[in-house]
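Scroll down for the structure; my scribbles are underneath it.
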Amino acid sequence: MRKIFVPGAVLAAALLVIGAAGILPGCFPKGQIYGVGNEGGLVFRVNPPDADVVLDGVVQGKASDFPEERYLKVASGTHRLELRMEGFESWSREVYVSNSLLRIEVSLSRGGPPPAPKGY
(Lines give C-alpha, C1' and ligand atoms only; values in the text may rest on other atoms or scores of the structure.)
Protein backbone atom coordinates (compact mmCIF):
# COMPACT_ATOMS: atom_id res chain seq x y z
CA MET A 1 0.00 0.00 0.00
CA ARG A 2 1.33 3.41 -0.95
CA LYS A 3 1.33 6.16 1.69
CA ILE A 4 0.34 9.70 0.76
CA PHE A 5 2.15 12.55 2.45
CA VAL A 6 0.02 15.64 3.15
CA PRO A 7 1.90 18.68 4.50
CA GLY A 8 0.53 19.99 7.81
CA ALA A 9 -0.41 23.40 6.37
CA VAL A 10 -2.52 21.76 3.64
CA LEU A 11 -4.26 19.52 6.19
CA ALA A 12 -4.95 22.47 8.51
CA ALA A 13 -6.37 24.54 5.64
CA ALA A 14 -8.62 21.66 4.57
CA LEU A 15 -9.93 21.26 8.12
CA LEU A 16 -10.67 24.99 8.32
CA VAL A 17 -12.64 24.87 5.07
CA ILE A 18 -14.55 21.76 6.17
CA GLY A 19 -15.31 23.35 9.56
CA ALA A 20 -16.45 26.62 7.98
CA ALA A 21 -18.78 24.70 5.68
CA GLY A 22 -20.49 23.18 8.69
CA ILE A 23 -19.42 19.61 7.93
CA LEU A 24 -17.97 19.21 11.41
CA PRO A 25 -21.18 19.48 13.47
CA GLY A 26 -21.06 20.54 17.07
CA CYS A 27 -18.01 22.76 16.80
CA PHE A 28 -19.87 25.73 18.26
CA PRO A 29 -22.97 25.60 20.45
CA LYS A 30 -25.93 27.15 18.62
CA GLY A 31 -26.37 29.80 21.31
CA GLN A 32 -22.82 31.09 20.87
CA ILE A 33 -22.84 32.74 17.48
CA TYR A 34 -20.67 35.79 17.27
CA GLY A 35 -20.46 38.49 14.65
CA VAL A 36 -17.28 39.90 13.26
CA GLY A 37 -15.74 43.09 14.59
CA ASN A 38 -18.37 45.67 15.49
CA GLU A 39 -21.33 43.74 14.10
CA GLY A 40 -23.91 41.63 15.90
CA GLY A 41 -27.40 40.53 15.13
CA LEU A 42 -31.02 40.32 16.18
CA VAL A 43 -33.10 37.14 16.10
CA PHE A 44 -36.89 37.38 16.41
CA ARG A 45 -39.58 35.14 17.79
CA VAL A 46 -42.63 37.40 17.64
CA ASN A 47 -46.33 36.74 17.78
CA PRO A 48 -47.74 37.60 15.27
CA PRO A 49 -44.75 36.67 13.07
CA ASP A 50 -45.74 39.16 10.36
CA ALA A 51 -45.11 42.15 12.63
CA ASP A 52 -42.86 44.80 11.08
CA VAL A 53 -39.36 45.19 12.51
CA VAL A 54 -38.36 48.86 12.67
CA LEU A 55 -34.76 49.61 13.62
CA ASP A 56 -33.77 53.23 14.21
CA GLY A 57 -36.87 54.38 12.30
CA VAL A 58 -36.28 52.19 9.23
CA VAL A 59 -38.47 49.17 8.41
CA GLN A 60 -36.21 46.13 8.04
CA GLY A 61 -38.85 43.53 7.15
CA LYS A 62 -41.15 41.11 8.96
CA ALA A 63 -40.08 39.45 12.23
CA SER A 64 -40.38 36.05 10.54
CA ASP A 65 -37.68 37.15 8.05
CA PHE A 66 -35.04 36.97 10.81
CA PRO A 67 -34.75 33.55 12.45
CA GLU A 68 -31.41 32.44 13.90
CA GLU A 69 -30.22 31.15 10.54
CA ARG A 70 -30.83 34.55 8.86
CA TYR A 71 -30.44 37.04 11.67
CA LEU A 72 -30.70 40.79 11.15
CA LYS A 73 -27.14 42.15 11.02
CA VAL A 74 -26.75 45.24 13.18
CA ALA A 75 -23.78 47.46 14.07
CA SER A 76 -22.74 47.26 17.72
CA GLY A 77 -24.21 49.94 19.92
CA THR A 78 -27.55 51.22 21.20
CA HIS A 79 -30.49 51.13 18.80
CA ARG A 80 -34.21 51.93 18.93
CA LEU A 81 -36.20 48.79 18.09
CA GLU A 82 -39.93 48.74 17.38
CA LEU A 83 -42.28 45.90 16.49
CA ARG A 84 -45.62 46.93 15.03
CA MET A 85 -48.60 45.55 13.19
CA GLU A 86 -52.00 47.00 12.38
CA GLY A 87 -54.57 45.99 15.03
CA PHE A 88 -51.89 45.38 17.70
CA GLU A 89 -50.19 47.60 20.23
CA SER A 90 -46.65 48.50 19.19
CA TRP A 91 -43.68 47.32 21.23
CA SER A 92 -40.55 49.48 21.39
CA ARG A 93 -37.35 49.44 23.39
CA GLU A 94 -33.80 50.69 23.28
CA VAL A 95 -31.55 47.67 22.82
CA TYR A 96 -27.80 47.33 23.06
CA VAL A 97 -26.26 45.08 20.44
CA SER A 98 -22.76 43.68 20.90
CA ASN A 99 -20.90 41.33 18.58
CA SER A 100 -23.27 38.42 19.29
CA LEU A 101 -26.90 37.55 18.68
CA LEU A 102 -29.63 39.16 20.76
CA ARG A 103 -32.87 37.16 20.85
CA ILE A 104 -36.10 39.19 20.90
CA GLU A 105 -39.17 37.23 22.07
CA VAL A 106 -42.37 39.29 22.17
CA SER A 107 -46.13 38.75 21.92
CA LEU A 108 -47.91 41.87 20.73
CA SER A 109 -51.26 42.65 22.41
CA ARG A 110 -54.40 43.17 20.34
CA GLY A 111 -56.05 46.56 20.39
CA GLY A 112 -53.69 48.96 18.74
CA PRO A 113 -54.88 52.05 16.91
CA PRO A 114 -57.70 51.52 14.41
CA PRO A 115 -56.72 51.12 10.77
CA ALA A 116 -56.42 54.32 8.76
CA PRO A 117 -59.43 55.09 6.56
CA LYS A 118 -59.00 54.02 2.96
CA GLY A 119 -59.56 56.42 0.06
CA TYR A 120 -62.49 56.06 -2.32
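Lettering and numbering for the C-alpha coordinates are positional, with chains as A, B, ... in the shown order, residues counted from 1 in each chain, and ligands counted from 1 in the shown order.
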>> Which residues are close to A:Val58, i.e. within 12 Å by only C-alpha atoms, leaving aside same-chain residues fewer than 6 positions away? Reply as a ChimeraX atom specification.
In response: /A:52,79-83
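With distances taken over only C-alpha atoms, A:Asn99 is the one residue among A:Phe44, A:Asp50, A:Asn99, A:Glu86 lying closest to A:Val74.
Of the residues listed (A:Val59, A:Val43, A:Val54, A:Leu108), A:Leu108 shows the shortest atom-to-atom separation from A:Ser90; distances use only C-alpha atoms.
Of the residues under consideration (A:Gln60, A:Arg110, A:Val95, A:Gly40), A:Gly40 shows the shortest atom-to-atom contact distance to A:Ala75 when counting only C-alpha atoms.
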> Among stretch 48-94 of chain A, which ones does DSSP place in strand (DSSP E or B), written as a list in words?
Replying inline: Asp52, Val53, Val54, Leu55, Val58, Val59, Gln60, Gly61, Lys62, Leu72, Lys73, Val74, Ala75, Gly77, Thr78, His79, Arg80, Leu81, Glu82, Leu83, Arg84, Phe88, Trp91, Ser92, Arg93 and Glu94 of chain A
Same residues, N, CA and C atoms, saved as an mmCIF file, in the first residue's frame:
```cif
data_model
loop_
_atom_site.group_PDB
_atom_site.id
_atom_site.type_symbol
_atom_site.label_atom_id
_atom_site.label_comp_id
_atom_site.auth_asym_id
_atom_site.auth_seq_id
_atom_site.Cartn_x
_atom_site.Cartn_y
_atom_site.Cartn_z
ATOM 1 N N ASP A 52 -43.976 44.071 11.695
ATOM 2 C CA ASP A 52 -42.863 44.798 11.082
ATOM 3 C C ASP A 52 -41.766 45.045 12.106
ATOM 4 N N VAL A 53 -40.528 44.869 11.695
ATOM 5 C CA VAL A 53 -39.359 45.185 12.513
ATOM 6 C C VAL A 53 -38.849 46.549 12.054
ATOM 7 N N VAL A 54 -38.827 47.510 12.977
ATOM 8 C CA VAL A 54 -38.363 48.860 12.666
ATOM 9 C C VAL A 54 -37.138 49.133 13.532
ATOM 10 N N LEU A 55 -36.000 49.364 12.903
ATOM 11 C CA LEU A 55 -34.755 49.611 13.621
ATOM 12 C C LEU A 55 -34.302 51.028 13.316
ATOM 13 N N VAL A 58 -36.265 52.755 10.582
ATOM 14 C CA VAL A 58 -36.278 52.190 9.226
ATOM 15 C C VAL A 58 -36.847 50.772 9.277
ATOM 16 N N VAL A 59 -37.885 50.510 8.470
ATOM 17 C CA VAL A 59 -38.474 49.173 8.409
ATOM 18 C C VAL A 59 -37.465 48.213 7.784
ATOM 19 N N GLN A 60 -37.188 47.109 8.499
ATOM 20 C CA GLN A 60 -36.212 46.127 8.037
ATOM 21 C C GLN A 60 -36.860 44.910 7.374
ATOM 22 N N GLY A 61 -38.141 44.688 7.681
ATOM 23 C CA GLY A 61 -38.851 43.527 7.154
ATOM 24 C C GLY A 61 -39.782 42.992 8.215
ATOM 25 N N LYS A 62 -40.266 41.786 8.012
ATOM 26 C CA LYS A 62 -41.148 41.109 8.962
ATOM 27 C C LYS A 62 -40.295 40.353 9.975
ATOM 28 N N LEU A 72 -30.829 39.421 11.628
ATOM 29 C CA LEU A 72 -30.700 40.789 11.149
ATOM 30 C C LEU A 72 -29.352 41.333 11.604
ATOM 31 N N LYS A 73 -28.467 41.628 10.677
ATOM 32 C CA LYS A 73 -27.139 42.149 11.020
ATOM 33 C C LYS A 73 -27.265 43.602 11.450
ATOM 34 N N VAL A 74 -26.628 43.921 12.586
ATOM 35 C CA VAL A 74 -26.745 45.242 13.183
ATOM 36 C C VAL A 74 -25.375 45.667 13.711
ATOM 37 N N ALA A 75 -25.029 46.927 13.518
ATOM 38 C CA ALA A 75 -23.780 47.462 14.072
ATOM 39 C C ALA A 75 -23.874 47.477 15.590
ATOM 40 N N GLY A 77 -23.816 48.673 19.339
ATOM 41 C CA GLY A 77 -24.210 49.943 19.925
ATOM 42 C C GLY A 77 -25.664 49.926 20.347
ATOM 43 N N THR A 78 -26.174 51.078 20.748
ATOM 44 C CA THR A 78 -27.550 51.221 21.197
ATOM 45 C C THR A 78 -28.433 51.591 20.011
ATOM 46 N N HIS A 79 -29.564 50.911 19.897
ATOM 47 C CA HIS A 79 -30.495 51.127 18.803
ATOM 48 C C HIS A 79 -31.917 51.196 19.335
ATOM 49 N N ARG A 80 -32.783 51.880 18.607
ATOM 50 C CA ARG A 80 -34.213 51.930 18.934
ATOM 51 C C ARG A 80 -34.900 50.861 18.089
ATOM 52 N N LEU A 81 -35.542 49.902 18.759
ATOM 53 C CA LEU A 81 -36.204 48.788 18.092
ATOM 54 C C LEU A 81 -37.704 48.882 18.334
ATOM 55 N N GLU A 82 -38.471 48.718 17.270
ATOM 56 C CA GLU A 82 -39.927 48.737 17.382
ATOM 57 C C GLU A 82 -40.503 47.573 16.588
ATOM 58 N N LEU A 83 -41.525 46.935 17.170
ATOM 59 C CA LEU A 83 -42.282 45.897 16.486
ATOM 60 C C LEU A 83 -43.708 46.409 16.393
ATOM 61 N N ARG A 84 -44.273 46.391 15.178
ATOM 62 C CA ARG A 84 -45.619 46.929 15.028
ATOM 63 C C ARG A 84 -46.382 46.184 13.939
ATOM 64 N N PHE A 88 -52.618 45.783 16.499
ATOM 65 C CA PHE A 88 -51.890 45.379 17.696
ATOM 66 C C PHE A 88 -51.185 46.592 18.290
ATOM 67 N N TRP A 91 -44.656 47.606 20.182
ATOM 68 C CA TRP A 91 -43.682 47.316 21.234
ATOM 69 C C TRP A 91 -42.411 48.037 20.827
ATOM 70 N N SER A 92 -41.819 48.821 21.726
ATOM 71 C CA SER A 92 -40.555 49.482 21.386
ATOM 72 C C SER A 92 -39.650 49.538 22.610
ATOM 73 N N ARG A 93 -38.375 49.429 22.347
ATOM 74 C CA ARG A 93 -37.346 49.444 23.388
ATOM 75 C C ARG A 93 -36.044 49.960 22.790
ATOM 76 N N GLU A 94 -35.184 50.453 23.664
ATOM 77 C CA GLU A 94 -33.798 50.687 23.277
ATOM 78 C C GLU A 94 -33.061 49.395 23.582
#
```
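Comparing the minimum interatomic distances between A:Tyr96 and each of A:Ser76, A:Asn47, A:Ser109, A:Ser64, counting only C-alpha atoms, we find that A:Ser76 sits nearest.
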> At what distance in Å, to one decimal, does atom CA of A:Arg45 lie from atom CA of A:Glu105?
Replying inline: 4.8 Å
> What is the atom CA of A:Tyr71 to atom CA of A:Leu42 distance in Å?
Replying inline: 5.6 Å
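Between atom CA of A:Ser98 and atom CA of A:Ala51 the interatomic distance comes to 23.9 Å.
The shortest atom-to-atom distance to A:Ala63, with only C-alpha atoms taken into account, belongs to A:Arg103 out of A:Val97, A:Asn38, A:Arg103, A:Glu89.
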